[in-house]
>>> print(open('protein.cif').read())   # mmCIF, C-alpha atoms and all ligand atoms
data_query
loop_
_atom_site.label_atom_id
_atom_site.label_comp_id
_atom_site.auth_asym_id
_atom_site.auth_seq_id
_atom_site.Cartn_x
_atom_site.Cartn_y
_atom_site.Cartn_z
CA MET A 8 54.77 156.22 -37.86
CA PRO A 9 53.13 152.83 -38.56
CA SER A 10 54.20 151.21 -41.84
CA LEU A 11 51.58 151.29 -44.58
CA VAL A 12 50.52 147.96 -46.13
CA TYR A 13 48.19 147.65 -49.11
CA VAL A 14 45.53 144.93 -48.81
CA LEU A 15 44.27 144.29 -52.33
CA ASN A 16 41.22 142.20 -53.18
CA GLY A 17 40.32 141.00 -56.64
CA PRO A 18 37.15 140.21 -58.57
CA ASN A 19 33.93 139.07 -56.91
CA LEU A 20 35.23 139.65 -53.40
CA ASN A 21 32.76 142.56 -53.22
CA MET A 22 30.11 139.80 -53.26
CA LEU A 23 31.27 138.23 -49.99
CA GLY A 24 28.37 137.36 -47.69
CA VAL A 25 26.15 136.60 -50.69
CA ARG A 26 28.52 134.59 -52.84
CA GLU A 27 28.71 130.83 -52.19
CA PRO A 28 28.64 131.17 -48.37
CA ALA A 29 29.43 127.46 -47.95
CA ILE A 30 32.84 128.20 -49.50
CA TYR A 31 33.53 131.82 -48.60
CA GLY A 32 31.58 132.24 -45.35
CA SER A 33 28.90 134.73 -44.35
CA GLU A 34 31.07 137.75 -43.57
CA THR A 35 30.94 140.67 -45.98
CA LEU A 36 33.91 142.52 -47.45
CA ALA A 37 33.20 145.33 -44.96
CA ASP A 38 33.46 142.80 -42.09
CA LEU A 39 36.73 141.53 -43.53
CA ARG A 40 38.00 145.07 -43.78
CA SER A 41 37.23 145.92 -40.16
CA ARG A 42 38.83 142.68 -38.91
CA THR A 43 41.94 143.42 -41.00
CA GLU A 44 42.08 147.01 -39.76
CA LYS A 45 41.85 145.82 -36.14
CA ALA A 46 44.65 143.32 -36.72
CA ALA A 47 46.72 146.09 -38.28
CA ALA A 48 46.18 148.39 -35.28
CA ASN A 49 47.20 145.54 -32.94
CA ASN A 50 50.37 144.95 -34.94
CA GLY A 51 51.46 148.55 -35.39
CA LEU A 52 50.57 148.72 -39.09
CA LYS A 53 48.34 150.97 -41.13
CA ILE A 54 46.43 149.40 -44.00
CA ASP A 55 44.90 150.63 -47.21
CA PHE A 56 42.16 148.08 -48.01
CA ARG A 57 40.82 147.98 -51.57
CA GLN A 58 38.80 145.79 -53.92
CA SER A 59 38.48 145.83 -57.69
CA ASN A 60 36.89 143.68 -60.34
CA VAL A 61 39.30 145.09 -62.94
CA GLU A 62 42.69 143.48 -63.55
CA GLY A 63 44.39 146.66 -64.81
CA GLU A 64 43.25 148.58 -61.75
CA ILE A 65 44.90 146.01 -59.49
CA VAL A 66 48.11 146.29 -61.57
CA THR A 67 48.01 150.08 -61.12
CA TRP A 68 47.50 149.72 -57.35
CA VAL A 69 50.47 147.36 -57.10
CA GLN A 70 52.59 149.89 -58.99
CA GLU A 71 51.36 152.59 -56.60
CA ALA A 72 52.21 150.39 -53.59
CA ARG A 73 55.83 150.27 -54.82
CA GLU A 74 56.04 154.01 -54.11
CA LYS A 75 53.75 154.34 -51.11
CA ALA A 76 53.67 151.10 -49.10
CA LYS A 77 56.04 148.77 -47.27
CA GLY A 78 54.22 145.55 -48.19
CA ILE A 79 51.30 144.02 -50.06
CA ILE A 80 48.70 141.51 -48.88
CA ILE A 81 46.74 140.28 -51.88
CA ASN A 82 43.76 138.05 -52.57
CA ALA A 83 43.64 138.33 -56.34
CA GLY A 84 40.50 136.15 -56.59
CA ALA A 85 40.27 134.39 -59.95
CA TYR A 86 43.15 136.51 -61.33
CA THR A 87 45.36 134.41 -59.06
CA HIS A 88 45.05 131.64 -61.63
CA THR A 89 45.33 133.72 -64.80
CA SER A 90 47.18 136.98 -64.38
CA VAL A 91 50.77 137.29 -65.54
CA ALA A 92 50.19 141.07 -65.46
CA ILE A 93 49.55 141.12 -61.69
CA LEU A 94 52.51 138.75 -61.16
CA ASP A 95 54.78 141.08 -63.15
CA ALA A 96 53.63 144.11 -61.15
CA LEU A 97 54.21 142.29 -57.84
CA GLN A 98 57.70 141.24 -58.91
CA ALA A 99 58.49 144.79 -60.00
CA SER A 100 57.27 146.14 -56.66
CA GLU A 101 60.22 144.59 -54.80
CA LEU A 102 57.98 144.53 -51.71
CA PRO A 103 57.18 141.64 -49.38
CA VAL A 104 53.97 140.04 -50.65
CA ILE A 105 51.60 137.78 -48.75
CA GLU A 106 49.03 135.91 -50.83
CA VAL A 107 45.74 135.11 -49.09
CA HIS A 108 42.75 133.01 -50.06
CA LEU A 109 39.64 132.50 -47.97
CA SER A 110 39.13 128.99 -49.31
CA ASN A 111 41.63 126.15 -49.51
CA ILE A 112 42.42 126.40 -53.22
CA PHE A 113 44.19 123.01 -53.10
CA ARG A 114 40.97 121.28 -52.11
CA ARG A 115 39.01 122.68 -55.01
CA ASP A 116 38.99 122.56 -58.84
CA GLN A 117 42.27 121.65 -60.52
CA PHE A 118 42.47 125.07 -62.23
CA ARG A 119 42.53 126.79 -58.83
CA GLN A 120 45.56 124.81 -57.74
CA HIS A 121 47.99 126.90 -59.75
CA SER A 122 48.76 130.45 -58.67
CA TYR A 123 50.78 132.98 -60.68
CA ILE A 124 50.77 135.21 -57.59
CA SER A 125 52.70 132.61 -55.57
CA LEU A 126 55.77 133.20 -57.76
CA ALA A 127 56.02 136.66 -56.21
CA ALA A 128 54.82 135.77 -52.71
CA THR A 129 56.92 135.65 -49.57
CA GLY A 130 54.20 133.44 -48.09
CA VAL A 131 50.75 132.06 -48.82
CA ILE A 132 47.79 131.57 -46.46
CA CYS A 133 44.69 129.73 -47.63
CA GLY A 134 41.67 127.92 -46.29
CA LEU A 135 41.33 129.82 -43.02
CA GLY A 136 38.64 132.29 -44.05
CA SER A 137 38.89 135.79 -42.64
CA THR A 138 41.38 134.60 -40.00
CA GLY A 139 43.83 134.32 -42.90
CA TYR A 140 43.74 138.09 -43.36
CA GLU A 141 44.50 138.65 -39.66
CA LEU A 142 47.36 136.16 -39.81
CA ALA A 143 48.69 137.82 -42.96
CA VAL A 144 48.80 141.17 -41.14
CA GLU A 145 50.66 139.62 -38.21
CA ALA A 146 53.12 137.89 -40.57
CA MET A 147 53.68 141.12 -42.51
CA ALA A 148 54.41 142.99 -39.27
CA ASN A 149 57.05 140.36 -38.42
CA ILE A 150 58.59 140.52 -41.90
CA LEU A 151 58.83 144.32 -41.71
CA LYS A 152 60.31 144.23 -38.19
CA THR A 153 62.99 141.76 -39.30
CA ALA A 154 63.74 143.82 -42.41
CA HIS A 155 64.26 146.96 -40.29
CA LYS A 156 66.72 145.15 -38.02
CA ALA A 157 68.83 143.97 -40.99
C1 LIG B 1 39.71 132.95 -53.76
C2 LIG B 1 39.91 131.61 -54.50
C3 LIG B 1 39.85 131.83 -56.00
O1 LIG B 1 40.02 130.59 -56.68
C4 LIG B 1 38.51 132.40 -56.40
O2 LIG B 1 38.47 132.67 -57.78
C5 LIG B 1 38.17 133.63 -55.62
C6 LIG B 1 38.46 133.66 -54.19
C7 LIG B 1 39.62 132.75 -52.22
O3 LIG B 1 39.74 133.74 -51.51
O4 LIG B 1 39.41 131.64 -51.76
O5 LIG B 1 37.57 134.56 -56.13
O6 LIG B 1 40.84 133.77 -54.02
#
>>> encode(input="protein.cif", output="C-alpha cells", more="lines below")
Ligand code: DQA
Amino acid sequence: MPSLVYVLNGPNLNMLGVREPAIYGSETLADLRSRTEKAAANNGLKIDFRQSNVEGEIVTWVQEAREKAKGIIINAGAYTHTSVAILDALQASELPVIEVHLSNIFRRDQFRQHSYISLAATGVICGLGSTGYELAVEAMANILKTAHKA
C-alpha cells in the first residue's frame, strides 16, 4: 500500500493562474495538483491535495494528518509568516514536513523572509515554481523509505 502524504495549500493559492503570474506563474491549482499526483504515482506515494483560505481549517487538517498520513507537504501561503497555530500543529504531528513555496521568499519583501513553518520542517523548497512540489514529493518518498529501513 502506498504511503499517504497530505499536500496542504494555504490562502490565495486557489487564485493561481490569475494571481500575480509574474511571481506565481500561469499554472492553476488544478494543474499543480495533477503534477503533484503524477509525481506521487512515480514515487510510490498517494497524496491528499487540499487548499484552504482558513487558518483553523489548515490546523484541523494537520491534526488529521497525524492520524491518517505518513508525511505533510505544506505551502501555507501568507500564514507561513504569521501562524504559530499551524507551527504548533505541525510540531504536534510528529510527521516529516516539507515546506514549499512557489516563489523565492528570500528574494521578496522582508516580512516574507521569516517562516514559522520552517521551525517544524525537515526541509524547505522555494523559488522553483510547481517543480518544487514534484521535488517535495520525491524528497518525501526518500525520507519515508529511510525511516522504514531504520
Ligand atoms: C507563497 C509565498 C508567500 O509569501 C505568499 O504569501 C503566498 C505564496 C509561495 O508559494 O511563494 O501566498 O507561499
>>> atom_distance(input="protein.cif", atom1="CA of Ile30 (chain A)", atom2="CA of Lys45 (chain A)")
23.9 Å
>>> residues_near_ligand(input="protein.cif", ligand="ligand LIG 1 (chain B)", cutoff="8 Å", atoms="all atoms listed in the file", output="compact mmCIF listing (two decimals) with C-alpha atoms, keeping the file's coordinate frame")
# COMPACT_ATOMS: atom_id res chain seq x y z
CA GLY A 17 40.32 141.00 -56.64
CA PRO A 18 37.15 140.21 -58.57
CA ASN A 19 33.93 139.07 -56.91
CA LEU A 20 35.23 139.65 -53.40
CA ILE A 30 32.84 128.20 -49.50
CA TYR A 31 33.53 131.82 -48.60
CA ASN A 82 43.76 138.05 -52.57
CA ALA A 83 43.64 138.33 -56.34
CA GLY A 84 40.50 136.15 -56.59
CA ALA A 85 40.27 134.39 -59.95
CA TYR A 86 43.15 136.51 -61.33
CA THR A 87 45.36 134.41 -59.06
CA HIS A 88 45.05 131.64 -61.63
CA VAL A 107 45.74 135.11 -49.09
CA HIS A 108 42.75 133.01 -50.06
CA LEU A 109 39.64 132.50 -47.97
CA SER A 110 39.13 128.99 -49.31
CA ASN A 111 41.63 126.15 -49.51
CA ILE A 112 42.42 126.40 -53.22
CA ARG A 119 42.53 126.79 -58.83
CA CYS A 133 44.69 129.73 -47.63
CA GLY A 134 41.67 127.92 -46.29
CA GLY A 136 38.64 132.29 -44.05
>>> closest_residue(input="protein.cif", among="A:Ser137, A:Thr35, A:Asn149, A:Ser90", to="Gly63 (chain A)", atoms="only C-alpha atoms")
A:Ser90
>>> atom_distance(input="protein.cif", atom1="CA of Glu101 (chain A)", atom2="CA of Ala143 (chain A)")
17.9 Å
>>> residues_around(input="protein.cif", residues="Glu74 (chain A)", least_positions_apart="4", cutoff="10 Å", atoms="only C-alpha atoms", output="list in words")
Val69, Gln70, Ser100 and Leu102 of chain A
>>> closest_residue(input="protein.cif", among="A:Thr138, A:Asn50, A:Ser33, A:Thr89", to="His121 (chain A)", atoms="only C-alpha atoms")
A:Thr89
>>> closest_residue(input="protein.cif", among="A:Ala92, A:Val131, A:Met8, A:Ala47", to="Val61 (chain A)", atoms="only C-alpha atoms")
A:Ala92
>>> residues_near_point(input="protein.cif", point="(52.2, 150.0, -45.2)", cutoff="8 Å", atoms="all atoms listed in the file", output="ChimeraX atom specification")
/A:9-13,52-55,75-79
>>> atom_distance(input="protein.cif", atom1="CA of Asp38 (chain A)", atom2="CA of Ile93 (chain A)")
25.4 Å
>>> residues_around(input="protein.cif", residues="Thr129 (chain A)", least_positions_apart="4", cutoff="9 Å", atoms="only C-alpha atoms", output="list in words")
Pro103, Val104, Ile105, Glu106 and Ser125 of chain A
>>> decode(input="protein.cif", residues="region 36-67 of chain A", atoms="N, CA, C and O atoms", output="PDB file, in the first residue's frame")
ATOM      1  N   LEU A  36      -4.201  25.948  -9.720  1.00  0.00           N
ATOM      2  CA  LEU A  36      -4.062  24.990  -8.611  1.00  0.00           C
ATOM      3  C   LEU A  36      -4.374  23.564  -9.091  1.00  0.00           C
ATOM      4  O   LEU A  36      -3.737  22.607  -8.662  1.00  0.00           O
ATOM      5  N   ALA A  37      -5.326  23.464 -10.044  1.00  0.00           N
ATOM      6  CA  ALA A  37      -5.659  22.140 -10.596  1.00  0.00           C
ATOM      7  C   ALA A  37      -4.458  21.560 -11.352  1.00  0.00           C
ATOM      8  O   ALA A  37      -4.183  20.349 -11.271  1.00  0.00           O
ATOM      9  N   ASP A  38      -3.736  22.419 -12.085  1.00  0.00           N
ATOM     10  CA  ASP A  38      -2.520  21.964 -12.790  1.00  0.00           C
ATOM     11  C   ASP A  38      -1.485  21.464 -11.785  1.00  0.00           C
ATOM     12  O   ASP A  38      -0.850  20.417 -11.968  1.00  0.00           O
ATOM     13  N   LEU A  39      -1.338  22.246 -10.712  1.00  0.00           N
ATOM     14  CA  LEU A  39      -0.365  21.903  -9.668  1.00  0.00           C
ATOM     15  C   LEU A  39      -0.731  20.567  -9.039  1.00  0.00           C
ATOM     16  O   LEU A  39       0.129  19.719  -8.771  1.00  0.00           O
ATOM     17  N   ARG A  40      -2.019  20.395  -8.827  1.00  0.00           N
ATOM     18  CA  ARG A  40      -2.494  19.149  -8.238  1.00  0.00           C
ATOM     19  C   ARG A  40      -2.178  17.958  -9.133  1.00  0.00           C
ATOM     20  O   ARG A  40      -1.675  16.938  -8.664  1.00  0.00           O
ATOM     21  N   SER A  41      -2.420  18.094 -10.454  1.00  0.00           N
ATOM     22  CA  SER A  41      -2.203  16.924 -11.308  1.00  0.00           C
ATOM     23  C   SER A  41      -0.704  16.625 -11.438  1.00  0.00           C
ATOM     24  O   SER A  41      -0.302  15.461 -11.434  1.00  0.00           O
ATOM     25  N   ARG A  42       0.130  17.659 -11.506  1.00  0.00           N
ATOM     26  CA  ARG A  42       1.584  17.435 -11.494  1.00  0.00           C
ATOM     27  C   ARG A  42       2.018  16.694 -10.222  1.00  0.00           C
ATOM     28  O   ARG A  42       2.853  15.788 -10.261  1.00  0.00           O
ATOM     29  N   THR A  43       1.476  17.143  -9.080  1.00  0.00           N
ATOM     30  CA  THR A  43       1.878  16.563  -7.788  1.00  0.00           C
ATOM     31  C   THR A  43       1.395  15.119  -7.692  1.00  0.00           C
ATOM     32  O   THR A  43       2.105  14.240  -7.196  1.00  0.00           O
ATOM     33  N   GLU A  44       0.189  14.869  -8.209  1.00  0.00           N
ATOM     34  CA  GLU A  44      -0.340  13.496  -8.196  1.00  0.00           C
ATOM     35  C   GLU A  44       0.501  12.570  -9.080  1.00  0.00           C
ATOM     36  O   GLU A  44       0.761  11.423  -8.714  1.00  0.00           O
ATOM     37  N   LYS A  45       0.936  13.103 -10.240  1.00  0.00           N
ATOM     38  CA  LYS A  45       1.792  12.290 -11.128  1.00  0.00           C
ATOM     39  C   LYS A  45       3.109  11.964 -10.444  1.00  0.00           C
ATOM     40  O   LYS A  45       3.575  10.821 -10.469  1.00  0.00           O
ATOM     41  N   ALA A  46       3.698  12.985  -9.805  1.00  0.00           N
ATOM     42  CA  ALA A  46       4.968  12.768  -9.092  1.00  0.00           C
ATOM     43  C   ALA A  46       4.772  11.732  -7.996  1.00  0.00           C
ATOM     44  O   ALA A  46       5.636  10.875  -7.767  1.00  0.00           O
ATOM     45  N   ALA A  47       3.639  11.789  -7.320  1.00  0.00           N
ATOM     46  CA  ALA A  47       3.358  10.832  -6.245  1.00  0.00           C
ATOM     47  C   ALA A  47       3.283   9.413  -6.816  1.00  0.00           C
ATOM     48  O   ALA A  47       3.897   8.482  -6.279  1.00  0.00           O
ATOM     49  N   ALA A  48       2.557   9.258  -7.922  1.00  0.00           N
ATOM     50  CA  ALA A  48       2.428   7.926  -8.540  1.00  0.00           C
ATOM     51  C   ALA A  48       3.806   7.393  -8.946  1.00  0.00           C
ATOM     52  O   ALA A  48       4.111   6.213  -8.747  1.00  0.00           O
ATOM     53  N   ASN A  49       4.670   8.280  -9.471  1.00  0.00           N
ATOM     54  CA  ASN A  49       6.016   7.867  -9.881  1.00  0.00           C
ATOM     55  C   ASN A  49       6.912   7.499  -8.708  1.00  0.00           C
ATOM     56  O   ASN A  49       7.934   6.846  -8.880  1.00  0.00           O
ATOM     57  N   ASN A  50       6.545   7.999  -7.524  1.00  0.00           N
ATOM     58  CA  ASN A  50       7.391   7.758  -6.344  1.00  0.00           C
ATOM     59  C   ASN A  50       6.725   6.828  -5.332  1.00  0.00           C
ATOM     60  O   ASN A  50       7.161   6.755  -4.178  1.00  0.00           O
ATOM     61  N   GLY A  51       5.692   6.149  -5.756  1.00  0.00           N
ATOM     62  CA  GLY A  51       5.048   5.165  -4.885  1.00  0.00           C
ATOM     63  C   GLY A  51       4.324   5.773  -3.699  1.00  0.00           C
ATOM     64  O   GLY A  51       4.198   5.144  -2.645  1.00  0.00           O
ATOM     65  N   LEU A  52       3.834   7.008  -3.845  1.00  0.00           N
ATOM     66  CA  LEU A  52       3.068   7.640  -2.765  1.00  0.00           C
ATOM     67  C   LEU A  52       1.650   7.938  -3.229  1.00  0.00           C
ATOM     68  O   LEU A  52       1.380   8.056  -4.423  1.00  0.00           O
ATOM     69  N   LYS A  53       0.784   8.101  -2.250  1.00  0.00           N
ATOM     70  CA  LYS A  53      -0.580   8.538  -2.532  1.00  0.00           C
ATOM     71  C   LYS A  53      -0.723   9.905  -1.864  1.00  0.00           C
ATOM     72  O   LYS A  53      -0.231  10.078  -0.736  1.00  0.00           O
ATOM     73  N   ILE A  54      -1.332  10.876  -2.566  1.00  0.00           N
ATOM     74  CA  ILE A  54      -1.452  12.173  -1.910  1.00  0.00           C
ATOM     75  C   ILE A  54      -2.896  12.612  -1.750  1.00  0.00           C
ATOM     76  O   ILE A  54      -3.775  12.247  -2.531  1.00  0.00           O
ATOM     77  N   ASP A  55      -3.104  13.375  -0.699  1.00  0.00           N
ATOM     78  CA  ASP A  55      -4.388  14.026  -0.463  1.00  0.00           C
ATOM     79  C   ASP A  55      -4.101  15.523  -0.562  1.00  0.00           C
ATOM     80  O   ASP A  55      -3.425  16.087   0.291  1.00  0.00           O
ATOM     81  N   PHE A  56      -4.538  16.140  -1.665  1.00  0.00           N
ATOM     82  CA  PHE A  56      -4.178  17.518  -2.017  1.00  0.00           C
ATOM     83  C   PHE A  56      -5.320  18.448  -1.642  1.00  0.00           C
ATOM     84  O   PHE A  56      -6.437  18.271  -2.108  1.00  0.00           O
ATOM     85  N   ARG A  57      -5.045  19.435  -0.796  1.00  0.00           N
ATOM     86  CA  ARG A  57      -6.129  20.320  -0.329  1.00  0.00           C
ATOM     87  C   ARG A  57      -5.679  21.777  -0.306  1.00  0.00           C
ATOM     88  O   ARG A  57      -4.492  22.058  -0.183  1.00  0.00           O
ATOM     89  N   GLN A  58      -6.667  22.660  -0.355  1.00  0.00           N
ATOM     90  CA  GLN A  58      -6.391  24.104  -0.227  1.00  0.00           C
ATOM     91  C   GLN A  58      -7.454  24.732   0.655  1.00  0.00           C
ATOM     92  O   GLN A  58      -8.631  24.396   0.563  1.00  0.00           O
ATOM     93  N   SER A  59      -7.018  25.657   1.517  1.00  0.00           N
ATOM     94  CA  SER A  59      -7.991  26.408   2.314  1.00  0.00           C
ATOM     95  C   SER A  59      -7.512  27.834   2.535  1.00  0.00           C
ATOM     96  O   SER A  59      -6.309  28.079   2.656  1.00  0.00           O
ATOM     97  N   ASN A  60      -8.490  28.727   2.600  1.00  0.00           N
ATOM     98  CA  ASN A  60      -8.174  30.121   2.929  1.00  0.00           C
ATOM     99  C   ASN A  60      -8.299  30.372   4.429  1.00  0.00           C
ATOM    100  O   ASN A  60      -8.117  31.497   4.886  1.00  0.00           O
ATOM    101  N   VAL A  61      -8.611  29.317   5.188  1.00  0.00           N
ATOM    102  CA  VAL A  61      -8.949  29.472   6.605  1.00  0.00           C
ATOM    103  C   VAL A  61      -7.879  28.800   7.480  1.00  0.00           C
ATOM    104  O   VAL A  61      -7.634  27.592   7.376  1.00  0.00           O
ATOM    105  N   GLU A  62      -7.265  29.596   8.335  1.00  0.00           N
ATOM    106  CA  GLU A  62      -6.156  29.099   9.162  1.00  0.00           C
ATOM    107  C   GLU A  62      -6.561  27.888  10.013  1.00  0.00           C
ATOM    108  O   GLU A  62      -5.853  26.881  10.063  1.00  0.00           O
ATOM    109  N   GLY A  63      -7.724  28.004  10.691  1.00  0.00           N
ATOM    110  CA  GLY A  63      -8.158  26.927  11.584  1.00  0.00           C
ATOM    111  C   GLY A  63      -8.401  25.623  10.836  1.00  0.00           C
ATOM    112  O   GLY A  63      -8.187  24.528  11.379  1.00  0.00           O
ATOM    113  N   GLU A  64      -8.847  25.740   9.586  1.00  0.00           N
ATOM    114  CA  GLU A  64      -9.089  24.531   8.795  1.00  0.00           C
ATOM    115  C   GLU A  64      -7.768  23.815   8.501  1.00  0.00           C
ATOM    116  O   GLU A  64      -7.671  22.587   8.571  1.00  0.00           O
ATOM    117  N   ILE A  65      -6.740  24.612   8.241  1.00  0.00           N
ATOM    118  CA  ILE A  65      -5.418  24.012   7.983  1.00  0.00           C
ATOM    119  C   ILE A  65      -4.904  23.342   9.257  1.00  0.00           C
ATOM    120  O   ILE A  65      -4.359  22.237   9.216  1.00  0.00           O
ATOM    121  N   VAL A  66      -5.112  23.979  10.409  1.00  0.00           N
ATOM    122  CA  VAL A  66      -4.722  23.378  11.693  1.00  0.00           C
ATOM    123  C   VAL A  66      -5.437  22.029  11.860  1.00  0.00           C
ATOM    124  O   VAL A  66      -4.814  21.018  12.211  1.00  0.00           O
ATOM    125  N   THR A  67      -6.719  22.004  11.582  1.00  0.00           N
ATOM    126  CA  THR A  67      -7.501  20.764  11.720  1.00  0.00           C
ATOM    127  C   THR A  67      -6.980  19.684  10.763  1.00  0.00           C
ATOM    128  O   THR A  67      -6.874  18.512  11.138  1.00  0.00           O
TER     129      THR A  67
END
